[in-house]
file final-v3.tsv (TSV, C-alpha atoms)
chain	number	residue	atom	x	y	z
A	1	MET	CA	99.38	125.58	91.94
A	2	ALA	CA	96.73	127.17	89.78
A	3	LYS	CA	93.18	126.62	90.86
A	4	ILE	CA	91.57	123.73	89.05
A	5	LYS	CA	88.90	124.99	86.72
A	6	THR	CA	86.38	122.82	84.93
A	7	GLN	CA	87.18	124.63	81.69
A	8	ASN	CA	90.75	123.47	81.93
A	9	LEU	CA	89.65	119.98	82.75
A	10	CYS	CA	87.29	119.80	79.78
A	11	SER	CA	90.19	120.17	77.39
A	12	MET	CA	92.21	117.35	78.93
A	13	ILE	CA	91.97	113.74	77.91
A	14	LYS	CA	91.64	110.90	80.36
A	15	GLU	CA	95.35	110.14	80.72
A	16	GLU	CA	96.11	113.77	81.39
A	17	LEU	CA	93.37	113.91	83.99
A	18	LEU	CA	94.67	110.84	85.75
A	19	LYS	CA	98.16	112.27	85.69
A	20	GLN	CA	96.81	115.47	87.18
A	21	VAL	CA	95.29	113.48	90.02
A	22	GLU	CA	98.62	111.75	90.57
A	23	ASP	CA	100.47	115.04	90.74
A	24	LEU	CA	97.97	116.45	93.16
A	25	LYS	CA	98.28	113.40	95.36
A	26	VAL	CA	102.05	113.70	95.39
A	27	GLU	CA	101.71	117.33	96.40
A	28	LEU	CA	99.28	116.34	99.11
A	29	SER	CA	101.72	113.79	100.49
A	30	HIS	CA	104.45	116.45	100.60
A	31	LEU	CA	102.16	118.81	102.44
A	32	CYS	CA	101.25	116.09	104.93
A	33	ILE	CA	104.92	115.48	105.62
A	34	ILE	CA	105.42	119.18	106.23
A	35	LYS	CA	102.47	119.18	108.56
A	36	ALA	CA	103.85	116.16	110.42
A	37	THR	CA	107.27	117.68	110.90
A	38	GLY	CA	105.64	120.81	112.22
A	39	ASP	CA	107.33	123.10	109.77
A	40	MET	CA	106.13	126.17	107.90
A	41	ALA	CA	102.62	127.07	108.90
A	42	SER	CA	102.10	128.99	105.68
A	43	LYS	CA	101.78	125.85	103.63
A	44	LEU	CA	99.22	124.17	105.85
A	45	SER	CA	96.30	126.04	104.33
A	46	LYS	CA	97.18	124.56	100.98
A	47	ILE	CA	96.22	121.09	102.16
A	48	GLN	CA	92.52	121.85	101.96
A	49	THR	CA	92.70	123.32	98.46
A	50	VAL	CA	94.70	120.35	97.19
A	51	ARG	CA	92.29	117.83	98.70
A	52	LYS	CA	89.35	119.60	97.15
A	53	SER	CA	91.02	119.80	93.75
A	54	ILE	CA	91.68	116.05	93.82
A	55	ALA	CA	87.99	115.51	94.52
A	56	HIS	CA	87.10	117.98	91.78
A	57	VAL	CA	89.16	116.20	89.15
A	58	LEU	CA	87.95	112.76	90.17
A	59	THR	CA	84.33	113.89	89.98
A	60	PHE	CA	85.00	115.25	86.53
A	61	ILE	CA	86.70	112.03	85.45
A	62	SER	CA	83.73	109.93	86.50
A	63	GLN	CA	81.11	112.17	84.94
A	64	THR	CA	81.61	111.41	81.24
A	65	PRO	CA	81.44	107.61	81.51
A	66	LYS	CA	78.36	107.96	83.70
A	67	GLU	CA	76.66	110.16	81.16
A	68	ASN	CA	77.48	107.73	78.38
A	69	LEU	CA	76.14	104.86	80.44
A	70	ARG	CA	72.86	106.65	81.00
A	71	LYS	CA	72.52	107.17	77.28
A	72	PHE	CA	73.37	103.54	76.65
A	73	TYR	CA	70.74	102.25	79.04
A	74	LYS	CA	68.14	104.83	78.09
A	75	GLY	CA	65.47	102.70	76.41
A	76	LYS	CA	66.36	99.46	78.05
A	77	LYS	CA	64.31	97.56	80.55
A	78	TYR	CA	67.09	96.33	82.80
A	79	LYS	CA	69.40	99.02	84.07
A	80	PRO	CA	72.10	98.99	86.72
A	81	LEU	CA	70.88	100.39	89.99
A	82	ASP	CA	72.84	103.61	89.91
A	83	VAL	CA	71.42	104.41	86.48
A	84	TRP	CA	67.82	104.20	87.72
A	85	PRO	CA	65.96	107.52	87.91
A	86	LYS	CA	66.23	109.09	91.32
A	87	LYS	CA	62.84	109.30	93.01
A	88	ALA	CA	64.01	110.80	96.27
A	89	MET	CA	64.40	114.24	94.84
A	90	CYS	CA	62.63	117.44	95.92
A	91	HIS	CA	59.01	116.92	96.86
A	92	VAL	CA	56.84	118.75	94.34
A	93	PRO	CA	53.29	119.65	95.44
A	94	GLN	CA	50.44	118.49	93.19
A	95	ALA	CA	49.51	122.03	92.15
A	96	GLU	CA	52.90	122.75	90.70
A	97	GLN	CA	53.38	119.42	89.03
A	98	ALA	CA	51.33	120.25	85.95
A	99	GLY	CA	53.53	123.14	85.01
A	100	ARG	CA	56.77	121.21	85.55
A	101	LYS	CA	58.91	119.93	82.75
A	102	PRO	CA	59.36	116.16	82.67
A	103	GLU	CA	62.74	115.10	84.05
A	104	ASP	CA	64.92	112.97	81.87
B	1	MET	CA	48.68	33.93	46.45
B	2	ALA	CA	47.74	30.95	48.50
B	3	PRO	CA	51.11	30.24	50.11
B	4	LYS	CA	51.43	33.84	51.08
B	5	VAL	CA	48.11	33.88	52.80
B	6	ARG	CA	48.90	30.66	54.63
B	7	LYS	CA	52.15	32.15	55.89
B	8	GLU	CA	50.53	35.27	57.15
B	9	ALA	CA	47.67	33.51	58.87
B	10	PRO	CA	49.54	31.89	61.77
B	11	ALA	CA	51.97	34.86	62.12
B	12	PRO	CA	49.54	37.68	62.86
B	13	PRO	CA	47.89	36.14	65.96
B	14	LYS	CA	51.28	35.54	67.60
B	15	ALA	CA	52.64	38.89	66.59
B	16	LYS	CA	49.42	40.52	67.64
B	17	ALA	CA	49.58	38.98	71.09
B	18	LYS	CA	53.19	40.05	71.45
B	19	THR	CA	52.54	43.62	70.44
B	20	LYS	CA	49.49	43.72	72.67
B	21	ALA	CA	51.50	42.60	75.66
B	22	LYS	CA	54.14	45.19	74.87
B	23	ALA	CA	51.52	47.91	74.61
B	24	LEU	CA	49.98	46.94	77.93
B	25	LYS	CA	53.36	47.01	79.62
B	26	ALA	CA	54.10	50.45	78.22
B	27	LYS	CA	50.71	51.72	79.40
B	28	LYS	CA	51.38	50.39	82.90
B	29	ALA	CA	54.77	52.01	82.97
B	30	VAL	CA	53.34	55.34	81.97
B	31	LEU	CA	50.55	55.18	84.51
B	32	LYS	CA	52.42	53.86	87.49
B	33	GLY	CA	55.92	55.14	86.83
B	34	VAL	CA	59.06	53.11	86.51
B	35	HIS	CA	61.21	52.40	89.57
B	36	SER	CA	64.45	51.02	88.32
B	37	HIS	CA	65.90	50.38	91.78
B	38	LYS	CA	64.32	49.16	94.94
B	39	LYS	CA	63.61	51.08	98.12
B	40	LYS	CA	66.68	53.06	99.23
B	41	ILE	CA	68.39	51.82	102.37
B	42	HIS	CA	69.88	54.37	104.76
B	43	THR	CA	73.03	53.05	106.38
B	44	SER	CA	73.56	56.15	108.55
B	45	PRO	CA	71.22	57.53	111.26
B	46	THR	CA	71.43	61.09	109.90
B	47	PHE	CA	69.31	62.22	107.03
B	48	GLN	CA	71.19	64.26	104.46
B	49	PRO	CA	68.93	65.93	101.93
B	50	PRO	CA	69.65	64.89	98.37
B	51	LYS	CA	72.06	67.05	96.41
B	52	THR	CA	70.23	69.04	93.78
B	53	LEU	CA	71.32	71.04	90.78
B	54	ARG	CA	72.70	74.45	91.68
B	55	LEU	CA	72.81	76.92	88.83
B	56	ARG	CA	75.12	79.88	88.56
B	57	ARG	CA	73.73	83.37	88.56
B	58	GLN	CA	73.09	84.89	85.17
B	59	PRO	CA	72.02	88.40	85.99
B	60	LYS	CA	70.07	90.35	83.44
B	61	TYR	CA	71.92	93.48	84.43
B	62	SER	CA	74.95	94.28	86.53
B	63	ARG	CA	73.93	95.91	89.81
B	64	LYS	CA	76.68	98.49	89.61
B	65	SER	CA	77.22	100.21	86.32
B	66	VAL	CA	80.86	101.01	86.94
B	67	PRO	CA	83.21	99.12	89.26
B	68	ARG	CA	84.38	101.22	92.18
B	69	ARG	CA	87.85	102.70	91.91
B	70	ASN	CA	90.47	101.47	94.36
B	71	LYS	CA	90.42	104.02	97.16
B	72	LEU	CA	93.37	102.50	99.02
B	73	ASP	CA	96.09	103.47	96.58
B	74	HIS	CA	99.74	104.06	97.50
B	75	TYR	CA	99.12	107.67	98.46
B	76	ALA	CA	96.24	106.75	100.71
B	77	ILE	CA	98.17	103.96	102.43
B	78	ILE	CA	101.14	106.03	103.58
B	79	LYS	CA	99.92	109.08	105.39
B	80	PHE	CA	103.16	110.64	106.59
B	81	PRO	CA	106.49	109.70	108.16
B	82	LEU	CA	107.06	110.06	111.85
B	83	THR	CA	109.68	112.46	113.11
B	84	THR	CA	109.94	111.60	116.79
B	85	GLU	CA	113.18	110.97	118.59
B	86	SER	CA	112.77	107.23	118.59
B	87	ALA	CA	111.92	107.34	114.89
B	88	MET	CA	115.14	109.23	114.24
B	89	LYS	CA	117.03	106.62	116.17
B	90	LYS	CA	115.53	103.92	113.97
B	91	ILE	CA	116.65	105.73	110.84
B	92	GLU	CA	120.23	105.95	112.07
B	93	ASP	CA	120.67	102.58	113.72
B	94	ASN	CA	118.32	100.12	112.06
B	95	ASN	CA	117.98	101.57	108.55
B	96	THR	CA	114.24	101.75	108.97
B	97	LEU	CA	111.73	104.44	108.18
B	98	VAL	CA	108.73	104.94	110.41
B	99	PHE	CA	105.43	105.87	108.83
B	100	ILE	CA	101.94	106.50	109.94
B	101	VAL	CA	99.88	104.30	107.72
B	102	ASP	CA	96.21	103.68	106.99
B	103	VAL	CA	94.65	101.12	109.31
B	104	LYS	CA	93.17	99.14	106.45
B	105	ALA	CA	96.55	98.49	104.84
B	106	ASN	CA	98.37	95.23	105.42
B	107	LYS	CA	102.10	94.69	105.46
B	108	HIS	CA	102.29	93.61	101.83
B	109	GLN	CA	100.48	96.73	100.70
B	110	ILE	CA	102.70	98.93	102.85
B	111	LYS	CA	105.78	97.31	101.39
B	112	GLN	CA	104.63	97.90	97.82
B	113	ALA	CA	103.64	101.49	98.57
B	114	VAL	CA	107.00	102.38	100.11
B	115	LYS	CA	108.84	100.66	97.29
B	116	LYS	CA	106.95	102.61	94.70
B	117	LEU	CA	106.80	106.01	96.33
B	118	TYR	CA	110.29	106.20	97.74
B	119	ASP	CA	112.23	104.12	95.18
B	120	THR	CA	113.68	101.82	97.78
B	121	ASP	CA	113.80	98.13	98.45
B	122	VAL	CA	112.10	96.93	101.60
B	123	THR	CA	113.24	93.98	103.68
B	124	LYS	CA	110.47	93.81	106.20
B	125	VAL	CA	107.58	95.72	107.69
B	126	ASN	CA	106.45	95.68	111.29
B	127	THR	CA	103.20	97.30	112.24
B	128	LEU	CA	101.38	98.26	115.36
B	129	ILE	CA	98.16	100.08	116.08
B	130	ARG	CA	98.54	103.15	118.20
B	131	SER	CA	96.18	104.12	120.95
B	132	ASP	CA	94.78	106.95	118.84
B	133	GLY	CA	93.72	104.50	116.16
B	134	GLU	CA	96.49	105.08	113.67
B	135	THR	CA	98.78	102.35	112.45
B	136	LYS	CA	102.50	102.83	112.76
B	137	ALA	CA	104.70	100.96	110.31
B	138	TYR	CA	108.40	100.33	110.85
B	139	VAL	CA	109.71	99.75	107.35
B	140	GLN	CA	113.16	98.26	107.19
B	141	LEU	CA	115.00	99.05	104.00
B	142	SER	CA	117.42	96.66	102.36
B	143	PRO	CA	121.12	97.23	103.14
B	144	ASP	CA	121.89	98.76	99.75
B	145	TYR	CA	119.45	101.59	100.43
B	146	ASP	CA	120.15	104.18	103.08
B	147	ALA	CA	117.30	105.27	105.29
B	148	LEU	CA	119.09	108.50	105.99
B	149	ASP	CA	119.15	109.41	102.33
B	150	ALA	CA	115.53	108.49	101.88
B	151	ALA	CA	114.55	110.61	104.84
B	152	THR	CA	116.37	113.68	103.60
B	153	LYS	CA	115.00	113.12	100.13
B	154	LEU	CA	111.46	113.06	101.51
B	155	GLY	CA	111.50	116.79	101.62
B	156	SER	CA	111.74	118.55	104.88
B	157	SER	CA	115.19	118.86	106.37
B	158	LYS	CA	113.59	118.32	109.73
B	159	LEU	CA	112.94	114.77	108.75
B	160	SER	CA	116.59	113.82	108.85
B	161	PRO	CA	118.08	113.22	112.29
B	162	ALA	CA	120.51	116.08	111.84
B	163	GLY	CA	117.70	118.43	111.06
B	164	TYR	CA	115.73	117.12	113.99
B	165	LYS	CA	118.58	117.73	116.36
B	166	SER	CA	119.00	121.22	115.00
B	167	LYS	CA	115.34	121.88	115.69
B	168	TYR	CA	115.75	120.79	119.28
B	169	LYS	CA	118.98	122.69	119.58
B	170	PHE	CA	117.02	125.84	118.87
B	171	PHE	CA	114.54	125.04	121.61
B	172	SER	CA	117.19	124.16	124.14
B	173	GLN	CA	118.91	127.44	123.38
B	174	SER	CA	115.73	129.40	123.89
B	175	ILE	CA	115.20	127.73	127.25
B	176	ASN	CA	118.71	128.70	128.30
call {"tool": "encode", "arguments": {"input": "final-v3.tsv", "output": "structure tokens"}}
result
Amino acid sequence: MAKIKTQNLCSMIKEELLKQVEDLKVELSHLCIIKATGDMASKLSKIQTVRKSIAHVLTFISQTPKENLRKFYKGKKYKPLDVWPKKAMCHVPQAEQAGRKPED
Amino acid sequence: MAPKVRKEAPAPPKAKAKTKAKALKAKKAVLKGVHSHKKKIHTSPTFQPPKTLRLRRQPKYSRKSVPRRNKLDHYAIIKFPLTTESAMKKIEDNNTLVFIVDVKANKHQIKQAVKKLYDTDVTKVNTLIRSDGETKAYVQLSPDYDALDAATKLGSSKLSPAGYKSKYKFFSQSIN
């Protein structure tokens, strides 16, 4: 299985992405069966890559709607809690704050 | 002119008195409040607070922007099939497949997952929780589906009883 690259993912539409996740999950289930039956050790290392690619694709899938939501709620007073600006980010000392760019 | 005046003369005082009385009554009602019924009698020794209006929530914004995706999908429910000796026996004799399954899944979910993933019809599911925290599911397939076929189709040849025996044959040979 080719390594999942974000460039490849960018070109896919939502249905294709979801299908990709499905295929990866099927592959993962096959690998788990192989692991359970104690078969070829060569395929066991693939499990980690497949799991990570599933996570990769799912992250990608959820990114665009999130971005759009942030744009949608940009000027508004009442926003859902996960669209609020994150305050618990890196602590910036007072001296440096002047030179910093304002975060969106 | 004259008759009209005469008619109006006796009427106003009466009407006036009537309207005055009405006005006074209204004033009293406004000041003191109107109690249409008498003092409430409690027939039971317990005091139940009066039922008030309860409004539904009308949130100004949804707390979560996007609903969470279902993390317990079919692939997450069924982890892998078991390939122990007793599991093999079940496949041959009872037409059941034995899976290790997610603990959070219930029997209905397991049934649907097996039906969908392995294209079979399921009669019943029995589950137990193993001592290492995993759930084992004995999934009995309907008579028109063969567990043996399903097992071999699952992928590894080791999964079928024949394959399993061959695996052990190898070991027994090496011991000898």
call {"tool": "residues_around", "arguments": {"input": "final-v3.tsv", "residues": "Val139 (chain B)", "least_positions_apart": "2", "cutoff": "10 Å", "atoms": "all atoms listed in the file", "output": "PyMOL selection string"}}
result
chain B and resi 90-91+94-99+107+110-111+114+121-127+136-137+141-142+147
call {"tool": "closest_residue", "arguments": {"input": "final-v3.tsv", "among": "A:Lys79, A:Thr64, A:Leu69, A:Lys87", "to": "Ile13 (chain A)", "atoms": "all atoms listed in the file"}}
result
A:Thr64
call {"tool": "interface_residues", "arguments": {"input": "final-v3.tsv", "of": "chain A", "to": "chain B", "cutoff": "7 Å", "atoms": "only C-alpha atoms", "output": "number ranges by chain"}}
result
A: 25, 29, 32-34, 36-37, 78-82
call {"tool": "atom_distance", "arguments": {"input": "final-v3.tsv", "atom1": "CA of Tyr118 (chain B)", "atom2": "CA of Lys35 (chain A)"}}
result
18.6 Å
call {"tool": "atom_distance", "arguments": {"input": "final-v3.tsv", "atom1": "CA of Lys104 (chain B)", "atom2": "CA of Ala41 (chain A)"}}
result
29.6 Å
call {"tool": "atom_distance", "arguments": {"input": "final-v3.tsv", "atom1": "CA of Leu31 (chain A)", "atom2": "CA of Ile77 (chain B)"}}
result
15.4 Å
call {"tool": "residues_near_point", "arguments": {"input": "final-v3.tsv", "point": "(83.2, 115.8, 88.5)", "cutoff": "12 Å", "atoms": "all atoms listed in the file", "output": "list in words"}}
result
Ile4, Lys5, Thr6, Gln7, Leu9, Cys10, Leu17, Lys52, Ser53, Ile54, Ala55, His56, Val57, Leu58, Thr59, Phe60, Ile61, Ser62, Gln63, Thr64, Pro65, Lys66 and Glu67 of chain A
call {"tool": "write_last_selection", "arguments": {"input": "final-v3.tsv", "atoms": "C-alpha atoms", "output": "tab-separated table (two decimals), in the coordinates of the input"}}
result
chain	number	residue	atom	x	y	z
A	4	ILE	CA	91.57	123.73	89.05
A	5	LYS	CA	88.90	124.99	86.72
A	6	THR	CA	86.38	122.82	84.93
A	7	GLN	CA	87.18	124.63	81.69
A	9	LEU	CA	89.65	119.98	82.75
A	10	CYS	CA	87.29	119.80	79.78
A	17	LEU	CA	93.37	113.91	83.99
A	52	LYS	CA	89.35	119.60	97.15
A	53	SER	CA	91.02	119.80	93.75
A	54	ILE	CA	91.68	116.05	93.82
A	55	ALA	CA	87.99	115.51	94.52
A	56	HIS	CA	87.10	117.98	91.78
A	57	VAL	CA	89.16	116.20	89.15
A	58	LEU	CA	87.95	112.76	90.17
A	59	THR	CA	84.33	113.89	89.98
A	60	PHE	CA	85.00	115.25	86.53
A	61	ILE	CA	86.70	112.03	85.45
A	62	SER	CA	83.73	109.93	86.50
A	63	GLN	CA	81.11	112.17	84.94
A	64	THR	CA	81.61	111.41	81.24
A	65	PRO	CA	81.44	107.61	81.51
A	66	LYS	CA	78.36	107.96	83.70
A	67	GLU	CA	76.66	110.16	81.16
